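entry-v8.txt (compact mmCIF, C-alpha atoms)
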# COMPACT_ATOMS: atom_id res chain seq x y z
CA MET A 19 0.00 0.00 0.00
CA SER A 20 1.39 3.37 -1.03
CA ASN A 21 1.73 6.32 1.33
CA VAL A 22 1.52 8.82 -1.53
CA ALA A 23 -1.24 11.38 -1.06
CA PRO A 24 -3.95 11.65 -3.72
CA LEU A 25 -3.14 14.08 -6.54
CA PRO A 26 -5.49 16.85 -5.34
CA GLU A 27 -3.75 16.91 -1.97
CA GLN A 28 -0.31 16.87 -3.61
CA VAL A 29 -1.36 19.86 -5.70
CA ARG A 30 -2.63 21.63 -2.58
CA GLU A 31 0.66 20.93 -0.76
CA HIS A 32 2.73 22.30 -3.65
CA ALA A 33 0.51 25.41 -3.70
CA ARG A 34 1.18 25.84 0.04
CA ARG A 35 4.91 25.66 -0.65
CA ILE A 36 4.56 28.32 -3.34
CA ALA A 37 2.57 30.51 -0.92
CA ASP A 38 5.26 30.07 1.74
CA SER A 39 8.42 30.20 -0.40
CA GLY A 40 7.38 32.17 -3.46
CA PRO A 41 8.02 31.42 -7.15
CA VAL A 42 11.11 29.36 -6.41
CA ALA A 43 8.78 26.52 -5.30
CA VAL A 44 6.74 26.33 -8.52
CA GLY A 45 9.13 23.68 -9.90
CA GLY A 46 7.61 21.01 -7.70
CA LEU A 47 4.11 21.70 -8.97
CA PHE A 48 5.42 21.77 -12.53
CA ASP A 49 7.15 18.40 -12.10
CA LEU A 50 4.02 16.88 -10.59
CA THR A 51 1.49 18.13 -13.13
CA SER A 52 3.07 19.39 -16.36
CA GLN A 53 2.65 16.29 -18.53
CA ARG A 54 -0.98 15.91 -17.55
CA LEU A 55 -1.73 19.59 -17.99
CA LEU A 56 0.00 19.65 -21.38
CA ARG A 57 -2.14 16.72 -22.53
CA LEU A 58 -5.32 18.65 -21.76
CA ALA A 59 -4.02 21.90 -23.25
CA ALA A 60 -2.89 20.10 -26.44
CA ALA A 61 -6.33 18.53 -26.75
CA ILE A 62 -7.84 22.01 -26.74
CA THR A 63 -5.27 24.07 -28.66
CA ARG A 64 -4.25 21.27 -31.05
CA ASN A 65 -0.72 22.65 -30.98
CA GLN A 66 2.16 21.70 -28.68
CA HIS A 67 3.64 25.20 -28.45
CA ASP A 68 0.28 26.79 -27.71
CA ALA A 69 -0.36 24.09 -25.10
CA GLU A 70 2.96 24.88 -23.43
CA ASP A 71 2.07 28.57 -23.41
CA ALA A 72 -1.29 27.83 -21.80
CA VAL A 73 0.25 25.65 -19.08
CA GLN A 74 2.95 28.24 -18.42
CA SER A 75 0.32 30.98 -18.08
CA ALA A 76 -1.75 28.88 -15.68
CA LEU A 77 1.29 28.08 -13.54
CA MET A 78 2.23 31.76 -13.50
CA GLY A 79 -1.27 32.44 -12.23
CA VAL A 80 -0.69 29.93 -9.44
CA THR A 81 2.62 31.61 -8.65
CA MET A 82 0.88 34.96 -8.34
CA LYS A 83 -2.09 33.68 -6.30
CA PRO A 84 -1.26 30.26 -4.78
CA ARG A 85 -3.99 30.62 -2.16
CA LEU A 86 -6.60 30.01 -4.87
CA LEU A 87 -5.38 26.40 -5.08
CA VAL A 88 -4.71 26.04 -1.36
CA GLU A 89 -8.23 27.12 -0.46
CA SER A 90 -9.97 25.34 -3.35
CA HIS A 91 -12.34 22.48 -2.57
CA SER A 92 -10.66 20.46 -5.34
CA PRO A 93 -7.25 21.96 -6.21
CA TRP A 94 -6.53 19.53 -9.06
CA ALA A 95 -9.85 20.24 -10.76
CA TYR A 96 -9.26 23.97 -10.23
CA LEU A 97 -5.81 23.73 -11.84
CA LEU A 98 -7.27 21.80 -14.78
CA GLN A 99 -9.90 24.51 -15.18
CA MET A 100 -7.18 27.18 -15.12
CA VAL A 101 -5.30 25.39 -17.90
CA ARG A 102 -8.49 24.99 -19.92
CA ASN A 103 -9.26 28.69 -19.57
CA GLU A 104 -5.71 29.66 -20.58
CA SER A 105 -5.94 27.29 -23.57
CA LEU A 106 -9.12 29.01 -24.69
CA VAL A 107 -7.41 32.40 -24.33
CA VAL A 108 -4.55 31.16 -26.53
CA LEU A 109 -7.05 30.00 -29.13
CA ARG A 110 -8.80 33.37 -29.15
CA LYS A 111 -5.48 35.16 -29.59
CA ARG A 112 -4.31 32.92 -32.39
CA ARG A 113 -4.75 34.77 -35.67
CA ARG A 114 -3.34 32.20 -38.03
CA VAL A 115 -4.86 28.85 -38.96
CA MET A 116 -2.81 26.00 -37.57
CA PRO A 117 -2.63 22.61 -39.27
CA LEU A 118 -3.97 19.68 -37.28
CA GLY A 119 -0.66 17.81 -37.54
CA SER A 120 0.44 15.54 -34.76
CA ILE A 121 2.60 16.52 -31.82
CA ILE A 122 6.16 15.78 -32.86
CA ASP A 123 7.92 13.37 -30.53
CA LEU A 124 11.63 12.86 -30.73
CA LEU A 125 12.51 9.19 -31.04
CA THR A 126 15.71 8.11 -29.36
CA ARG A 127 16.93 4.55 -28.86
CA ARG A 128 13.70 2.85 -27.92
CA SER A 129 12.71 -0.78 -28.15
CA VAL A 130 10.49 -1.99 -30.96
CA ASP A 131 7.61 -2.49 -28.49
CA GLN A 132 7.95 1.09 -27.29
CA LEU A 133 8.04 2.37 -30.85
CA GLU A 134 4.92 0.39 -31.77
CA GLN A 135 3.11 1.62 -28.66
CA GLU A 136 4.13 5.20 -29.39
CA GLU A 137 2.96 4.85 -32.99
CA ARG A 138 -0.46 3.68 -31.75
CA TYR A 139 -0.64 6.62 -29.35
CA ARG A 140 0.32 9.03 -32.14
CA LEU A 141 -2.44 7.59 -34.30
CA ILE A 142 -4.95 7.99 -31.48
CA TRP A 143 -3.82 11.57 -30.80
CA LYS A 144 -4.06 12.35 -34.50
CA GLU A 145 -7.65 11.12 -34.52
CA LEU A 146 -8.43 12.83 -31.21
CA ARG A 147 -7.42 16.10 -32.83
CA ARG A 148 -9.95 15.50 -35.59
CA LEU A 149 -12.76 15.34 -33.03
CA PRO A 150 -14.57 18.48 -31.98
CA THR A 151 -12.66 20.09 -29.12
CA ALA A 152 -15.61 19.62 -26.77
CA GLN A 153 -15.50 15.84 -27.25
CA CYS A 154 -11.71 15.66 -27.20
CA GLU A 155 -11.33 17.47 -23.87
CA VAL A 156 -13.95 15.24 -22.20
CA ILE A 157 -12.17 12.11 -23.44
CA VAL A 158 -8.81 13.39 -22.16
CA LEU A 159 -10.24 14.25 -18.75
CA ARG A 160 -12.14 10.96 -18.45
CA ILE A 161 -9.49 8.51 -19.73
CA TRP A 162 -6.15 10.07 -18.83
CA GLU A 163 -7.16 12.10 -15.79
CA GLU A 164 -9.65 9.47 -14.61
CA LEU A 165 -12.19 12.08 -13.59
CA SER A 166 -15.87 11.33 -13.08
CA PHE A 167 -18.46 12.91 -15.34
CA GLU A 168 -19.53 15.05 -12.37
CA GLU A 169 -15.99 16.38 -11.97
CA ILE A 170 -15.69 16.96 -15.72
CA SER A 171 -18.98 18.83 -15.80
CA ALA A 172 -17.76 21.13 -13.02
CA ILE A 173 -14.46 21.84 -14.79
CA LEU A 174 -16.06 22.45 -18.18
CA GLU A 175 -19.14 24.14 -16.71
CA ILE A 176 -21.57 21.88 -18.58
CA PRO A 177 -24.32 19.53 -17.38
CA THR A 178 -23.17 16.04 -16.37
CA PRO A 179 -25.29 14.32 -19.08
CA THR A 180 -23.67 16.57 -21.69
CA ALA A 181 -20.21 15.48 -20.53
CA ALA A 182 -21.27 11.84 -20.72
CA SER A 183 -22.77 12.19 -24.20
CA ARG A 184 -19.72 14.05 -25.55
CA TYR A 185 -17.57 11.23 -24.22
CA ARG A 186 -19.76 8.55 -25.77
CA TYR A 187 -20.02 10.27 -29.17
CA GLY A 188 -16.29 10.97 -29.24
CA LEU A 189 -15.42 7.36 -28.43
CA GLU A 190 -17.81 6.13 -31.12
CA LYS A 191 -16.09 8.33 -33.70
CA LEU A 192 -12.66 7.17 -32.57
CA ALA A 193 -13.70 3.52 -32.72
CA LYS A 194 -14.98 3.95 -36.29
CA ARG A 195 -11.83 5.73 -37.43
CA LEU A 196 -9.29 3.59 -35.63
CA GLY A 197 -10.86 0.14 -35.64
CA SER A 198 -8.56 -2.50 -34.14
CA SER A 199 -5.81 0.02 -33.25
CA PHE A 200 -8.24 1.75 -30.89
CA ALA A 201 -9.32 -1.51 -29.25
CA GLU A 202 -5.67 -2.55 -28.72
CA VAL A 203 -4.81 0.66 -26.88
CA VAL A 204 -8.01 0.77 -24.85
CA ASP A 205 -7.44 -2.84 -23.77
CA ALA A 206 -3.78 -2.21 -22.90
If you convert what's in this file into structure tokens, what do you get?
Amino acid sequence: MSNVAPLPEQVREHARRIADSGPVAVGGLFDLTSQRLLRLAAAITRNQHDAEDAVQSALMGVTMKPRLLVESHSPWAYLLQMVRNESLVVLRKRRRVMPLGSIIDLLTRRSVDQLEQEERYRLIWKELRRLPTAQCEVIVLRIWEELSFEEISAILEIPTPTAASRYRYGLEKLAKRLGSSFAEVVDA
């Protein structure tokens, strides 16, 4: 049995450290959450650089007002909502049309199994990006962040049945487009 605190409490603890020590302590929160936050931001912005900008802006917001996370009922959900909001700001500011190309991953000395797994994930992410953003963000929050539909509805400020239907419709589209590749990853 692990003695690691649940993610929301870890986020709250890192926010306390930022409140006590200042910006120098933001690195811990970044290390804990950055990959997960980038995944959500990339699902919304459809661009790795824009996603990084959104996450950086959200973490700067935490640095400026860490008590918002400390005092939040659910600090992890609050941080996800901050990243979502920053991602939407980035989208509004974007004046050029961005291609829906995949996030470029650098491949370095990896086993064949890892390469095959990464190729499947790239394919899924490519198809996720073809979904409407509303469906994509629900799928990311449900599958990768393991949030309930109630938590998702609070973050996205939509009714719970809407979150559930966006998830269902998005998965149906992915299953049609990906066929056996989708089933292999979902089963893994």
| message | What's around stretch 67-73 of chain A at 10 Å? Count only C-alpha atoms, leave out sequence neighbours fewer than 2 positions away in its own chain, and write the answer as an MDAnalysis selection string. | response | chainID A and resid 48 51:65 75:79 97:98 100:109 112 121
From the list A:Arg30, A:Arg35, A:Arg195, A:His91, the nearest residue to A:Lys144 using only C-alpha atoms is A:Arg195
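When only C-alpha atoms are used to measure the gap to A:Ile161, the shortest distance among A:Lys191, A:Arg186, A:Arg110, A:Arg34 belongs to A:Arg186.
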request  = Tell me which of A:Phe167, A:Leu189, A:Ala33, A:Leu196 sits closest to A:Tyr96, counting all atoms listed in the file.
outcome  =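 Nearest to A:Tyr96: A:Ala33.
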Atom CA of A:Glu27 to atom CA of A:Trp94 measures 8.1 Å
